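J.: Below is the file upload07.cif, with mmCIF, C-alpha atoms.
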```cif
data_upload
#
loop_
_atom_site.label_atom_id
_atom_site.label_comp_id
_atom_site.auth_asym_id
_atom_site.auth_seq_id
_atom_site.Cartn_x
_atom_site.Cartn_y
_atom_site.Cartn_z
CA MET A 410 0.00 0.00 0.00
CA ASN A 411 1.35 3.38 -1.04
CA SER A 412 0.96 6.23 1.49
CA HIS A 413 0.85 8.82 -1.31
CA PHE A 414 -2.07 7.04 -2.97
CA ALA A 415 -3.82 6.76 0.40
CA LEU A 416 -3.55 10.53 0.87
CA LEU A 417 -4.64 11.09 -2.74
CA PHE A 418 -7.85 9.05 -2.29
CA PHE A 419 -8.63 10.94 0.91
CA ILE A 420 -8.19 14.27 -0.94
CA ILE A 421 -10.36 13.01 -3.85
CA GLY A 422 -13.05 12.21 -1.26
CA VAL A 423 -12.82 15.71 0.26
CA VAL A 424 -12.97 17.34 -3.20
CA SER A 425 -15.94 15.12 -4.24
CA SER A 426 -17.75 16.16 -1.08
CA MET A 427 -17.20 19.83 -1.96
CA LEU A 428 -18.16 19.50 -5.63
CA PHE A 429 -21.10 17.07 -5.44
CA ASN A 430 -22.15 17.57 -1.81
CA ILE A 431 -22.02 13.82 -1.03
CA ASP A 432 -21.42 12.12 2.32
CA LEU A 433 -20.87 8.34 2.13
CA SER A 434 -20.00 7.85 5.83
CA GLN A 435 -22.95 5.47 6.40
CA TYR A 436 -21.21 2.91 4.13
CA LEU A 437 -18.07 2.54 6.30
CA ASP A 438 -18.87 -0.71 8.13
CA ILE A 439 -18.43 -3.33 5.39
CA PRO A 440 -15.06 -2.13 4.00
CA LEU A 441 -13.78 -1.66 7.58
CA ILE A 442 -14.72 -5.22 8.65
CA LEU A 443 -13.25 -6.67 5.43
CA LEU A 444 -10.06 -4.68 6.00
CA LEU A 445 -9.71 -6.04 9.56
CA PHE A 446 -10.23 -9.58 8.26
CA LEU A 447 -7.38 -9.05 5.76
CA VAL A 448 -5.18 -7.52 8.48
CA GLY A 449 -5.69 -10.71 10.54
CA TYR A 450 -4.81 -12.79 7.47
CA ASP A 451 -1.71 -10.66 6.91
CA ILE A 452 -0.61 -11.18 10.52
CA ALA A 453 -0.92 -14.97 10.12
CA SER A 454 1.03 -14.76 6.85
CA ASN A 455 3.93 -12.65 8.10
CA VAL A 456 4.65 -13.83 11.62
CA ASN A 457 6.51 -17.11 12.11
CA LEU A 458 5.62 -18.90 15.37
CA LYS A 459 9.22 -19.97 16.17
CA GLU A 460 10.46 -16.36 15.90
CA VAL A 461 7.51 -15.16 17.96
CA LYS A 462 8.60 -17.37 20.88
CA ILE A 463 12.13 -15.94 20.91
CA TYR A 464 11.33 -12.24 20.65
CA THR A 465 7.88 -11.99 22.29
CA LEU A 466 9.05 -10.59 25.63
CA ARG A 467 11.11 -7.78 24.08
CA ALA A 468 8.32 -6.95 21.63
CA THR A 469 5.73 -6.95 24.44
CA ILE A 470 7.77 -4.39 26.42
CA VAL A 471 7.83 -2.13 23.35
CA VAL A 472 4.06 -2.65 22.86
CA PHE A 473 3.49 -1.63 26.49
CA SER A 474 5.56 1.54 25.89
CA THR A 475 3.64 2.30 22.69
CA VAL A 476 0.25 2.03 24.42
CA ILE A 477 1.23 3.97 27.57
CA GLY A 478 3.18 6.61 25.61
CA SER A 479 0.33 7.11 23.12
CA MET A 480 -2.20 7.49 25.93
CA ILE A 481 -0.04 10.02 27.81
CA GLY A 482 0.62 11.87 24.53
CA GLY A 483 -3.13 12.03 23.84
CA LEU A 484 -3.86 13.26 27.38
CA ILE A 485 -1.19 16.00 27.23
CA ALA A 486 -2.21 17.11 23.71
CA SER A 487 -5.90 17.27 24.69
CA THR A 488 -5.08 19.36 27.77
CA LEU A 489 -2.75 21.73 25.88
CA LEU A 490 -5.19 22.19 23.00
CA ASN A 491 -8.25 22.47 25.24
CA MET A 492 -10.03 19.70 23.32
CA SER A 493 -12.06 16.78 24.70
CA LEU A 494 -10.03 13.95 26.27
CA ARG A 495 -12.27 11.45 24.48
CA GLU A 496 -11.26 12.78 21.08
CA GLY A 497 -7.55 13.27 21.85
CA VAL A 498 -6.90 9.98 23.64
CA ALA A 499 -8.92 7.91 21.14
CA ALA A 500 -7.03 9.48 18.21
CA ALA A 501 -3.66 8.87 19.91
CA LEU A 502 -4.57 5.25 20.73
CA GLY A 503 -5.04 4.57 17.02
CA MET A 504 -1.23 4.25 17.23
CA GLY A 505 -0.62 4.95 13.55
CA TRP A 506 -3.55 2.99 12.12
CA TYR A 507 -5.44 5.83 10.43
CA THR A 508 -7.76 3.68 8.28
CA MET A 509 -9.27 2.14 11.45
CA THR A 510 -9.20 5.13 13.83
CA ALA A 511 -10.86 7.66 11.56
CA PRO A 512 -14.00 5.59 10.74
CA LEU A 513 -14.49 4.71 14.43
CA LEU A 514 -14.22 8.39 15.43
CA LEU A 515 -16.57 9.33 12.60
CA GLU A 516 -19.22 6.89 13.84
CA LYS A 517 -18.92 7.83 17.52
CA ILE A 518 -18.11 11.57 17.47
CA GLY A 519 -18.23 13.23 14.04
CA SER A 520 -16.32 14.40 11.00
CA SER A 521 -13.98 16.83 12.77
CA ALA A 522 -12.85 14.08 15.19
CA ALA A 523 -12.51 11.69 12.24
CA PHE A 524 -10.18 14.14 10.54
CA ILE A 525 -8.07 14.38 13.71
CA GLY A 526 -8.02 10.54 13.89
CA PHE A 527 -6.89 10.33 10.29
CA ALA A 528 -4.36 13.18 10.24
CA SER A 529 -2.72 12.48 13.62
CA ASN A 530 -2.13 8.83 12.77
CA PHE A 531 -1.05 9.57 9.21
CA LEU A 532 1.41 12.17 10.55
CA ARG A 533 2.68 9.63 13.09
CA GLU A 534 3.54 7.32 10.20
CA VAL A 535 5.29 10.14 8.33
CA ILE A 536 7.20 11.23 11.47
CA SER A 537 8.30 7.62 12.06
CA LEU A 538 9.54 7.22 8.48
CA LEU A 539 11.48 10.48 8.66
CA THR A 540 12.98 10.18 12.15
CA TYR A 541 13.58 6.43 12.74
CA PRO A 542 17.03 6.42 11.04
CA HIS A 543 18.29 9.18 13.37
CA LEU A 544 16.33 8.25 16.50
CA SER A 545 17.46 4.61 16.34
CA LYS A 546 21.08 5.82 16.68
CA VAL A 547 20.26 8.10 19.62
CA VAL A 548 17.96 5.93 21.78
CA GLY A 549 18.58 2.46 20.32
CA ALA A 550 16.88 0.61 17.46
CA THR A 551 14.44 -1.37 19.65
CA PRO A 552 12.89 1.45 21.76
CA ALA A 553 12.57 3.60 18.61
CA ILE A 554 10.13 1.01 17.17
CA ALA A 555 7.53 2.31 19.67
CA MET A 556 7.17 5.46 17.59
CA ALA A 557 5.96 3.53 14.53
CA GLY A 558 3.01 1.91 16.39
CA ALA A 559 0.89 -0.35 14.20
CA THR A 560 2.80 0.70 11.07
CA SER A 561 5.90 -1.18 12.27
CA MET A 562 4.53 -4.31 10.56
CA ASP A 563 3.95 -2.70 7.15
CA THR A 564 4.81 0.81 5.93
CA THR A 565 7.66 1.61 8.32
CA LEU A 566 9.06 -1.96 8.35
CA PRO A 567 11.51 -1.39 5.45
CA VAL A 568 13.09 1.58 7.29
CA ILE A 569 13.25 -0.38 10.59
CA SER A 570 14.76 -3.33 8.73
CA LYS A 571 17.42 -1.17 7.07
CA TYR A 572 18.50 0.75 10.17
CA GLY A 573 17.65 -1.76 12.93
CA GLY A 574 18.85 -5.11 11.50
CA LYS A 575 17.19 -8.56 11.38
CA GLU A 576 16.52 -8.87 15.10
CA ASN A 577 14.62 -5.57 15.22
CA THR A 578 12.77 -6.46 12.02
CA ILE A 579 11.24 -9.48 13.78
CA ILE A 580 10.52 -7.43 16.93
CA ALA A 581 8.87 -4.77 14.71
CA LEU A 582 6.69 -7.41 13.01
CA ILE A 583 5.51 -8.85 16.35
CA HIS A 584 5.09 -5.35 17.82
CA GLY A 585 3.07 -4.18 14.80
CA SER A 586 0.86 -7.29 14.91
CA LEU A 587 0.12 -6.92 18.63
CA VAL A 588 -0.53 -3.18 18.35
CA THR A 589 -2.79 -3.81 15.34
CA MET A 590 -4.86 -6.27 17.39
CA LEU A 591 -5.00 -3.94 20.42
CA ALA A 592 -5.67 -0.63 18.64
CA PRO A 593 -9.38 -1.16 17.69
CA ILE A 594 -10.13 -2.38 21.24
CA LEU A 595 -8.27 0.51 22.92
CA VAL A 596 -9.86 3.17 20.68
CA GLN A 597 -13.32 1.79 21.54
CA ILE A 598 -12.47 1.68 25.26
CA ALA A 599 -11.20 5.30 25.14
CA LEU A 600 -14.41 6.36 23.38
CA ASN A 601 -16.51 4.70 26.08
CA ILE A 602 -14.48 5.80 29.14
CA PHE A 603 -13.70 9.47 28.48
CA MET B 1112 -16.33 -3.58 18.70
CA PHE B 1113 -17.23 -7.26 18.79
CA MET B 1114 -17.46 -7.41 14.99
CA LEU B 1115 -14.09 -5.66 14.56
CA VAL B 1116 -12.23 -8.00 16.91
CA LEU B 1117 -14.03 -11.02 15.46
CA ALA B 1118 -12.99 -9.98 11.94
CA ILE B 1119 -9.30 -9.91 12.98
CA ILE B 1120 -9.53 -13.29 14.78
CA VAL B 1121 -11.30 -14.95 11.82
CA GLY B 1122 -8.64 -13.44 9.51
CA VAL B 1123 -5.79 -14.87 11.62
CA MET B 1124 -7.46 -18.32 11.74
CA PHE B 1125 -8.11 -18.25 7.99
CA GLY B 1126 -4.46 -17.28 7.41
CA TYR B 1127 -3.21 -20.32 9.33
CA ILE B 1128 -5.77 -22.66 7.69
CA VAL B 1129 -4.82 -21.74 4.11
CA GLU B 1130 -1.11 -21.63 5.07
CA ARG B 1131 -0.31 -18.32 3.34
CA LYS B 1132 -1.16 -19.67 -0.12
CA LEU B 1133 -3.54 -16.85 -1.06
CA ARG B 1134 -2.43 -13.26 -1.56
CA PHE B 1135 -4.87 -10.37 -1.09
CA ASP B 1136 -2.45 -7.44 -1.50
CA ASN B 1137 -4.47 -5.68 -4.22
CA LEU B 1138 -7.79 -6.14 -2.40
CA PHE B 1139 -6.14 -4.86 0.79
CA SER B 1140 -4.96 -1.65 -0.93
CA LEU B 1141 -8.30 -1.23 -2.71
CA LEU B 1142 -10.23 -1.45 0.58
CA ILE B 1143 -7.97 1.16 2.17
CA TYR B 1144 -8.47 3.51 -0.77
CA ILE B 1145 -12.27 3.00 -0.61
CA LEU B 1146 -12.28 3.68 3.15
CA LEU B 1147 -10.22 6.85 2.74
CA PHE B 1148 -12.41 8.06 -0.11
CA ILE B 1149 -15.55 7.52 2.01
CA LEU B 1150 -13.85 9.25 4.91
CA GLY B 1151 -12.87 12.18 2.67
CA THR B 1152 -16.50 12.70 1.64
CA SER B 1153 -17.46 13.20 5.30
CA ILE B 1154 -14.91 16.02 5.86
CA LYS B 1155 -15.94 19.65 5.47
CA ILE B 1156 -12.93 21.68 4.34
CA LYS B 1157 -13.88 24.87 6.22
CA ASP B 1158 -13.62 23.04 9.57
CA LEU B 1159 -10.03 21.85 9.13
CA GLY B 1160 -7.88 24.68 10.63
CA LYS B 1161 -7.78 23.75 14.31
CA PRO B 1162 -8.05 19.95 13.78
CA LEU B 1163 -4.87 20.04 11.68
CA LEU B 1164 -2.89 21.68 14.49
CA SER B 1165 -4.42 19.25 17.01
CA SER B 1166 -3.48 16.29 14.80
CA LEU B 1167 0.11 17.43 14.52
CA MET B 1168 0.38 17.90 18.29
CA ILE B 1169 -1.16 14.46 19.01
CA ALA B 1170 1.13 12.79 16.45
CA ILE B 1171 4.32 14.38 17.82
CA LEU B 1172 3.51 13.85 21.50
CA SER B 1173 2.22 10.27 21.16
CA SER B 1174 5.20 9.22 19.01
CA PHE B 1175 7.97 10.72 21.11
CA ILE B 1176 6.47 9.88 24.51
CA SER B 1177 6.12 6.24 23.36
CA VAL B 1178 9.84 6.17 22.59
CA LEU B 1179 10.63 7.90 25.89
CA VAL B 1180 8.67 5.26 27.85
CA ALA B 1181 10.45 2.47 25.92
CA VAL B 1182 13.87 3.99 26.70
CA LEU B 1183 12.97 4.35 30.41
CA ILE B 1184 11.83 0.71 30.59
CA GLU B 1185 15.05 -0.46 28.89
CA LYS B 1186 17.12 1.50 31.43
CA VAL B 1187 15.15 0.18 34.42
CA LYS B 1188 15.44 -3.37 33.08
#
```
Could you write out this file's structure as structure tokens?
T.:
Amino acid sequence: MNSHFALLFFIIGVVSSMLFNIDLSQYLDIPLILLLFLVGYDIASNVNLKEVKIYTLRATIVVFSTVIGSMIGGLIASTLLNMSLREGVAAALGMGWYTMTAPLLLEKIGSSAAFIGFASNFLREVISLLTYPHLSKVVGATPAIAMAGATSMDTTLPVISKYGGKENTIIALIHGSLVTMLAPILVQIALNIF
Amino acid sequence: MFMLVLAIIVGVMFGYIVERKLRFDNLFSLLIYILLFILGTSIKIKDLGKPLLSSLMIAILSSFISVLVAVLIEKVK
């Protein structure tokens, strides 16, 4: 999947809405459920069980950091920007998965929150791609995986692989898979709690 | 939420049953593009000023604090 194309389709949607005054948000459920099914299939295809056993503990520590760090980031951003905690924390707990976070926020809150869910997670992916090569040298290749969130198993994996080596590539795959499974649950929990 | 989690679990099980023989890469990309197009149609351009700043702040803080927590845990360990 190409990030530029993803952004292009989003922009085409915004332009179509302006030109033809259409709103297709009621048709989100089926493509979203199909996408999650394919994500599950992708996880089963990419993660080898023997490698999982060796690196699970290290990957789980990074997953814990990703979840806690994202939640704290969402709380601080919401407070600084004087926006609702529900919106800020739910968007941050998408952990880079913009195609899942934005539809959930659209259904539960509205289009402005959906945009925040999309843009904040898309920007997280971009920030990870741009800064991982430098950050991995400063803080270490394994902790720096936390920044990538769910994207560590797909879009940011090539960068992690190049600058982090084989060991961190496997950790990134496991980390991305676990975060991908947790993200929809955590976003829903954040939407219900705050 | 139940349907979303169920979809992932069924996907994982299906992946192990068919032993990675089927590839859905094009369908995967197509679904993402459809979702983003639908999402785009729900956005009203005049409301985007503040949300863009909020998004940037959330992205920066959540990314870097995640790394900070990971570094702290590594040091404690």
J.: Only residues of chain A matter here; which ones have an atom within 7 Å of chain B, counting all atoms listed in the file? Give them as an MDAnalysis selection string.
T.: chainID A and resid 410 415 418:423 425:426 431:434 437 440 442 444:450 452:454 471 474:475 477:479 482:483 486 490 501 508 512 520:521 524:525 528:530 532:533 548 552:553 555:556 594 597
J.: Give me, please, the distance in Å between atom CA of A:Ala523 and atom CA of A:Tyr507, quoted to one decimal.
T.: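 Between atom CA of A:Ala523 and atom CA of A:Tyr507 the gap works out to 9.4 Å.
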J.: Determine the residue set returned by the PyMOL selection byres ((chain A and resi 561-578) around 10) for the present structure, and present it as a ChimeraX atom specification.
T.: /A:410-412,451-452,455-456,460,464,467-468,505,534-535,537-543,545-546,549-560,579-589
J.: Residues at most 9 Å from A:Val596, counting all atoms listed in the file, excluding those fewer than 5 positions away in the same chain, as an NGL selection string?
T.: :A and (498-503 or 510 or 513-514 or 591 or 601)
J.: Once you add 4 Å to each side, what are the centre and edge lengths of the axis-aligned box holding all listed atoms of stretch 1117-1121 of chain B? One decimal in Å, as AutoDock Vina command-line options, if you can.
T.:
```
--center_x -11.7 --center_y -12.4 --center_z 13.6 --size_x 12.7 --size_y 13.0 --size_z 11.6
```
J.: Please measure the separation of atom CA of A:Ile470 and atom CA of A:Ser493, giving the value in Å to one decimal.
T.: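 Distance reported for this atom pair: 29.1 Å.
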J.: What is the atom CA of A:Leu494-atom CA of A:Leu515 distance in Å, reported with one decimal?
T.: 15.8 Å
J.: Pick the closest to A:Val476 from A:Leu428, A:Ala592, A:Val547, A:Leu443: which is it, counting only C-alpha atoms?
T.: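 Answer, going by the shortest atom-to-atom distance: A:Ala592.
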